[in-house]
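What follows is a set of notes on a single structure, which appears directly below.
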Amino acid sequence: MIKAHFRVDQDGKFNVIELTGHADSGDYGHDIVCAAVSAVTATCVNALTSVAHAKPVEDADNDHGGFIRVTKIGTDHDSQVICQTLLDGLLSIQQQYGQYLEVKMFN
């Protein structure tokens with residue numbers, strides 16, 4: 001199961017995004033849940049830099065997969081909208097494939 005955790009500060013602004021685990025919803029290379037989660041996550045993380053011009057810190061395990069943490073997310077409007085877009089996308093995936101993806105928010 002992929003676990004997506006979003007942390008917000010006291011003002012409700014996103015400040016940490018962390019995804020861990022594997023969906024295991026299909027064979028390697030044919031796992032549509034993994035592909036969907038990876039696509040929306042990579043798009044949003046890249047947009048923090050290219051669209052919002054933020055300088056997030058990304059920690060990922062590219063050798064073993066199944067882990068990414070994004071910190072130092074900008075508090076500006078664009079950065080927060082991008083993070084909300086990621087959350088909304090993951091919640092949509094969770095609605096259909098909840099046995100493979102868990103999305104939670106923490107203060």
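Order determines the names: the first chain of the structure tokens is A, the second B, and so forth; residues in each chain are numbered 1 upward, and ligands are numbered 1 upward as they are shown.
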I want to know what sits within 12 Å of Ile68 of chain A, based on only C-alpha atoms, with residues of the same chain fewer than 6 positions away left out; could you give that as a list in words?
Ile2, Lys3, Ala4, His5, Phe6, Val16, Ile17, Glu18, Leu19, Thr20, Gly21, His22, Val37, Ser38, Thr41, Ala42, Val45, Val57, Glu58, Asp59, Ala60, Asp61 and Asn62 of chain A
Within segment 43-72 of chain A, find each residue whose DSSP state, derived from the backbone, is alpha helix (DSSP H), and express the selection as a list of chain:residue names.
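After running DSSP on the backbone, segment 43-72 of chain A has alpha helix (DSSP H) at A:Thr43, A:Cys44, A:Val45, A:Asn46, A:Ala47, A:Leu48, A:Thr49, A:Ser50.
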Write the selection just made, keeping C-alpha atoms, as a JSON list (two decimals), in the first residue's frame?
```
[["chain", "number", "residue", "atom", "x", "y", "z"],
["A", 43, "THR", "CA", 4.01, 16.62, -11.97],
["A", 44, "CYS", "CA", 3.14, 18.54, -8.82],
["A", 45, "VAL", "CA", 6.64, 18.40, -7.33],
["A", 46, "ASN", "CA", 8.10, 19.62, -10.62],
["A", 47, "ALA", "CA", 5.47, 22.38, -10.79],
["A", 48, "LEU", "CA", 6.58, 23.70, -7.40],
["A", 49, "THR", "CA", 9.86, 24.64, -9.07],
["A", 50, "SER", "CA", 8.78, 25.44, -12.62]]
```
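Across A:Lys13, A:His30, A:Lys55, A:His64, the tightest approach to His77 of chain A is made by A:Lys13 when counting only C-alpha atoms.
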Atom CA of Asp31 of chain A to atom CA of Gln96 of chain A, distance in Å rounded to a single decimal
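Spanning atom CA of Asp31 of chain A to atom CA of Gln96 of chain A is a straight-line distance of 14.2 Å.
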Which of segment 3-63 of chain A counts as strand (DSSP E or B) under DSSP, as a list in words please?
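Secondary structure check on segment 3-63 of chain A, strand (DSSP E or B): Lys3, Ala4, His5, Phe6, Arg7, Val8, Phe14, Asn15, Val16, Ile17, Glu18, Leu19, Thr20, Val57, Glu58, Asp59 and Ala60 of chain A.
Coordinates place atom CA of Ser25 of chain A at a distance of 12.5 Å from atom CA of Ile93 of chain A.
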To one decimal place, how far is atom CA of Tyr100 of chain A from atom CA of Tyr28 of chain A in Å?
14.5 Å
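Residue nearest Arg7 of chain A, chosen from A:Thr85, A:Thr71, A:Gln94, A:Ser79 and counting only C-alpha atoms: A:Thr71.
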From A:Ala35, A:Ala23, A:Leu90, A:Ala54, residue lying nearest Lys72 of chain A [only C-alpha atoms]:
A:Ala54
Have a look at A:Ala39, A:Met1, A:Val70, A:Cys83 and name the one nearest to Gly26 of chain A; count only C-alpha atoms.
A:Met1
